[in-house]
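Peer 1: Got a structure for you, questions after.
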Amino acid sequence: MGPAASAATGPAVSAATGGAAPVATGRAGRAAEARGSAPAARRAGLLVTLILGGLTATPPLAMDMYLPSLPEVTRSLHAPAATVQLTLTACLAGMALGQLVVGPMSDRWGRRRPLLTGLAVYVLATFLCALATDVRTLVVLRLAQGLAGAAGIVIARAVVRDLYDGVAMARFFSTLMLISGVAPIVAPLIGGQILRVTDWRGVFVALTAVGVLLGAVVWTKLPETLPPGERHEGGVREALASMRGLLADRVFTGYVIAGGFAFASLFAYVSASPFVIQEIYGASPQTFSLLFGLNSVGLVAVGQINGKVLVGRVRLERVLAVGLVVVVVAATALLLMAAGAFGETGLAPVAAVLFVLMSAMGVTMPNTQALALMRTRHNAGSASALLGTVSFLIGAVASPLVGIAGERTAVPMAVVQLAAALVALGCFVGMCRPWNGPAGAEGAGS
């Protein structure tokens, strides 16, 4: 974390392309200087980084700690697996729609007020999930949980855009992946251990406690990063016009869609893997949690290689292209295994392919976000909202598709992953046209 953070906060850094002009490291220094608080901002850098990592960990915490208990929820609430998977879809859809609202709100009122409101509602909805008595109620509460939890996701990205620019922003996203990546590693492990002493309701009680702690830290330690002079006074109409302007930029939209379908490939794994690993291959909740954590380690490790080794030395577009190709190859191998092309395969080869696929997300996710946000200097909240909304909506559609053929085959999961990866690669090549050179920051929103 140290090298990436220090590089991100230093003077101008070179673009990740040969011969490109240097890119400024962001407006945070200038804004802080205008307020006479630049030294305080620098001293708060590490703590703010940890807080932003905690906010970006909201989705994996809400999703992954709950994953080992999915089979138990089906039995406890007497609901089919496909219906229980809708609790994941509802949470994901809520996070998508919530970002669309919270992003423009944060551009108008600053980052802190919408963030604290969202965290308060998130805590309440999470606690009520523990009290749900039927699957329909749980689906509705998970939707509310997602709507409120969206504040942490979208505002964390907007704060990064407030503070950094160019290659420094890409490095910082990789740093956040290191911090927030701890969540998907430990969350299933914690969830599996909670199931040893209580039922799935205890998982939501634990998530409630985490939300309370995070809200308290944000309340006391996270400063406002959007000065009043840079806020937008317009209402919904201006926000929609801003988003139309962002989407009019073909390259920005290409990165948004490519990132969305790459996320769908990842979420197909998140949604289906508890049933694939536990029901098809007979693994225990604890074994599933260990495998899930191992895959998260791969994602975090590759993300750190991306931020500390590749960014600044290799063009971001080139790294992203390699990551998408690896996802396509891994998804193809998984589909062949699930369809029986190699005969009967055990858990080990399937787990190995899933490890490769998840690890490749360590370069696809931070680089699509960084390349998209490089296209806009203004309306960072709206741009971040579009990134999150598209990703989460596409992921929400992918979630029920993986269970369309029941719980006894992994073919739907592999098909969804491969199709999403192919669309992501196609959008990246066809819309972003990476051979034309770096995206720069003079696209949408300039």
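Ordering of the structure tokens sets the chain letters (A, B, ...); residue numbers start at 1 within each chain; ligands are numbered from 1 in the order shown.
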Would you list the contacts of range 183-200 of chain A as a ChimeraX atom specification, taking every protein, DNA or RNA residue within 6 Å and counting only C-alpha atoms, but skipping same-chain residues closer than 4 positions in sequence?

Peer 2: /A:57,60-61,64-65,68-69,285-286,289,293,296

Peer 1: Leaving out Leu86 in chain A and any residue of its chain fewer than 2 positions from it, which residues lie within 8 Å of it when counting only C-alpha atoms, given as a ChimeraX atom specification?

Peer 2: /A:82-84,88-90,139,399-400

Peer 1: Would you mind exporting all heavy atoms of the selected residues as a PDB file, in the first residue's frame?

Peer 2:
```pdb
ATOM      1  N   ALA A  82     -33.440 -21.170  -6.688  1.00  0.00           N
ATOM      2  CA  ALA A  82     -33.532 -20.037  -7.612  1.00  0.00           C
ATOM      3  C   ALA A  82     -34.168 -18.827  -6.937  1.00  0.00           C
ATOM      4  O   ALA A  82     -33.781 -17.680  -7.190  1.00  0.00           O
ATOM      5  CB  ALA A  82     -34.334 -20.430  -8.856  1.00  0.00           C
ATOM      6  N   THR A  83     -35.139 -19.068  -6.047  1.00  0.00           N
ATOM      7  CA  THR A  83     -35.780 -17.955  -5.336  1.00  0.00           C
ATOM      8  C   THR A  83     -34.831 -17.343  -4.316  1.00  0.00           C
ATOM      9  O   THR A  83     -34.767 -16.118  -4.165  1.00  0.00           O
ATOM     10  CB  THR A  83     -37.062 -18.439  -4.641  1.00  0.00           C
ATOM     11  OG1 THR A  83     -37.930 -19.036  -5.606  1.00  0.00           O
ATOM     12  CG2 THR A  83     -37.779 -17.276  -3.975  1.00  0.00           C
ATOM     13  N   VAL A  84     -34.095 -18.195  -3.608  1.00  0.00           N
ATOM     14  CA  VAL A  84     -33.139 -17.686  -2.627  1.00  0.00           C
ATOM     15  C   VAL A  84     -32.039 -16.884  -3.308  1.00  0.00           C
ATOM     16  O   VAL A  84     -31.550 -15.883  -2.765  1.00  0.00           O
ATOM     17  CB  VAL A  84     -32.559 -18.850  -1.805  1.00  0.00           C
ATOM     18  CG1 VAL A  84     -31.421 -18.366  -0.907  1.00  0.00           C
ATOM     19  CG2 VAL A  84     -33.650 -19.491  -0.955  1.00  0.00           C
ATOM     20  N   LEU A  88     -29.710 -12.359  -3.530  1.00  0.00           N
ATOM     21  CA  LEU A  88     -28.487 -11.762  -4.058  1.00  0.00           C
ATOM     22  C   LEU A  88     -28.817 -10.758  -5.161  1.00  0.00           C
ATOM     23  O   LEU A  88     -28.265  -9.656  -5.210  1.00  0.00           O
ATOM     24  CB  LEU A  88     -27.550 -12.841  -4.595  1.00  0.00           C
ATOM     25  CG  LEU A  88     -26.975 -13.830  -3.587  1.00  0.00           C
ATOM     26  CD1 LEU A  88     -26.159 -14.898  -4.305  1.00  0.00           C
ATOM     27  CD2 LEU A  88     -26.116 -13.113  -2.562  1.00  0.00           C
ATOM     28  N   THR A  89     -29.724 -11.155  -6.055  1.00  0.00           N
ATOM     29  CA  THR A  89     -30.104 -10.275  -7.156  1.00  0.00           C
ATOM     30  C   THR A  89     -30.703  -8.975  -6.628  1.00  0.00           C
ATOM     31  O   THR A  89     -30.398  -7.888  -7.127  1.00  0.00           O
ATOM     32  CB  THR A  89     -31.121 -10.980  -8.067  1.00  0.00           C
ATOM     33  OG1 THR A  89     -30.554 -12.199  -8.548  1.00  0.00           O
ATOM     34  CG2 THR A  89     -31.505 -10.117  -9.242  1.00  0.00           C
ATOM     35  N   ALA A  90     -31.575  -9.072  -5.628  1.00  0.00           N
ATOM     36  CA  ALA A  90     -32.217  -7.879  -5.071  1.00  0.00           C
ATOM     37  C   ALA A  90     -31.196  -6.933  -4.463  1.00  0.00           C
ATOM     38  O   ALA A  90     -31.250  -5.713  -4.663  1.00  0.00           O
ATOM     39  CB  ALA A  90     -33.258  -8.280  -4.026  1.00  0.00           C
ATOM     40  N   VAL A 139     -36.136 -10.861   0.449  1.00  0.00           N
ATOM     41  CA  VAL A 139     -35.783 -10.248  -0.843  1.00  0.00           C
ATOM     42  C   VAL A 139     -36.002  -8.739  -0.780  1.00  0.00           C
ATOM     43  O   VAL A 139     -35.152  -7.948  -1.234  1.00  0.00           O
ATOM     44  CB  VAL A 139     -36.606 -10.882  -1.981  1.00  0.00           C
ATOM     45  CG1 VAL A 139     -36.458 -10.068  -3.265  1.00  0.00           C
ATOM     46  CG2 VAL A 139     -36.161 -12.317  -2.231  1.00  0.00           C
ATOM     47  N   SER A 399     -27.383 -13.078 -12.247  1.00  0.00           N
ATOM     48  CA  SER A 399     -27.553 -13.930 -11.065  1.00  0.00           C
ATOM     49  C   SER A 399     -28.618 -15.008 -11.232  1.00  0.00           C
ATOM     50  O   SER A 399     -28.338 -16.190 -11.005  1.00  0.00           O
ATOM     51  CB  SER A 399     -27.861 -13.055  -9.846  1.00  0.00           C
ATOM     52  OG  SER A 399     -28.116 -13.842  -8.711  1.00  0.00           O
ATOM     53  N   PRO A 400     -29.857 -14.690 -11.635  1.00  0.00           N
ATOM     54  CA  PRO A 400     -30.848 -15.768 -11.763  1.00  0.00           C
ATOM     55  C   PRO A 400     -30.577 -16.701 -12.935  1.00  0.00           C
ATOM     56  O   PRO A 400     -31.033 -17.840 -12.924  1.00  0.00           O
ATOM     57  CB  PRO A 400     -32.168 -15.011 -11.960  1.00  0.00           C
ATOM     58  CG  PRO A 400     -31.789 -13.681 -12.479  1.00  0.00           C
ATOM     59  CD  PRO A 400     -30.463 -13.370 -11.887  1.00  0.00           C
TER      60      PRO A 400
END
```

Peer 1: Rank A:Tyr255, A:Phe355, A:Tyr122, A:Tyr269 by their smallest atom-to-atom distance to Gly94 in chain A, using only C-alpha atoms, and report the top residue only.

Peer 2: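 Closest to Gly94 in chain A of all the choices is A:Tyr122.
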
Peer 1: Residues near Met337 in chain A, anyone? I mean within 10 Å using only C-alpha atoms, not counting same-chain ones fewer than 4 positions away, as a list in words.

Peer 2: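 Once the nearby chain positions are removed, what remains is Ala331, Thr332, Ala333, Ala341, Phe342, Gly343, Glu344, Thr345, Gly346, Pro349, Val350, Val353, Ala410, Val411 and Ala414 of chain A.
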
Peer 1: Considering only C-alpha atoms, state which residue in the set A:Leu116, A:Val276, A:Ala168, A:Leu46 is at the smallest distance from Val212 in chain A.

Peer 2: A:Leu116

Peer 1: Which of these, A:Ser265, A:Thr74, A:Thr389, A:Thr208, has the shortest distance to Leu354 in chain A once you count only C-alpha atoms?

Peer 2: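 Nearest candidate to Leu354 in chain A out of A:Ser265, A:Thr74, A:Thr389, A:Thr208: A:Ser265.
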
Peer 1: Which residue, A:Ala120, A:Val423, A:Val311, A:Leu50, has the smallest gap to Ala370 in chain A when you use only C-alpha atoms?

Peer 2: A:Val311

Peer 1: Residues of range 30-255 of chain A in alpha helix (DSSP H) according to DSSP, as a ChimeraX atom specification?

Peer 2: /A:30-35,38-43,45-56,58-64,70-76,81-109,112-129,135-163,166-180,182-197,200-221,236-248,250-255

Peer 1: Using only C-alpha atoms for the distances, tell me which of A:Ala385, A:Leu299, A:Leu226, A:Ala96 is nearest to Ala148 in chain A.

Peer 2: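 Of the candidates, the smallest distance to Ala148 in chain A is held by A:Ala96.
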
Peer 1: Nearest to Phe252 in chain A: which of A:Ala360, A:Leu294, A:Leu138, A:Ala372 is it, counting only C-alpha atoms?

Peer 2: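 Of all the options, A:Ala372 lies closest to Phe252 in chain A.
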
Peer 1: For CA of Val159 in chain A and CA of Val218 in chain A, determine how far apart the two atoms are, in Å to one decimal place.

Peer 2: 12.9 Å

Peer 1: Using only C-alpha atoms, determine which residues lie at most 9 Å from Ala132 in chain A, disregarding the query and same-chain residues fewer than 4 positions distant; provide the list as an MDAnalysis selection string.

Peer 2: chainID A and resid 128 136:138 141 201

Peer 1: Report as a list in words all protein, DNA and RNA residues lying within 9 Å of Ala62 in chain A, evaluated on only C-alpha atoms, omitting residues in the same chain fewer than 5 positions from it.

Peer 2: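 The neighbour list is Ala57, Cys91, Thr126, Gln145, Gly146, Gly149, Ala187, Phe204 and Leu207 of chain A.
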
Peer 1: Please provide as a ChimeraX atom specification all residues within 12 Å of Thr220 in chain A, with the sequence filter that same-chain residues fewer than 4 positions apart are discarded (counting only C-alpha atoms).

Peer 2: /A:47-48,51,112,116,213-216,224

Peer 1: Excluding same-chain residues fewer than 3 positions from Leu310 in chain A, what lies within 12 Å of it counting only C-alpha atoms, as a PyMOL selection string?

Peer 2: chain A and resi 4+15-17+167+170-171+174+302-307+313-320+322+362-363+367
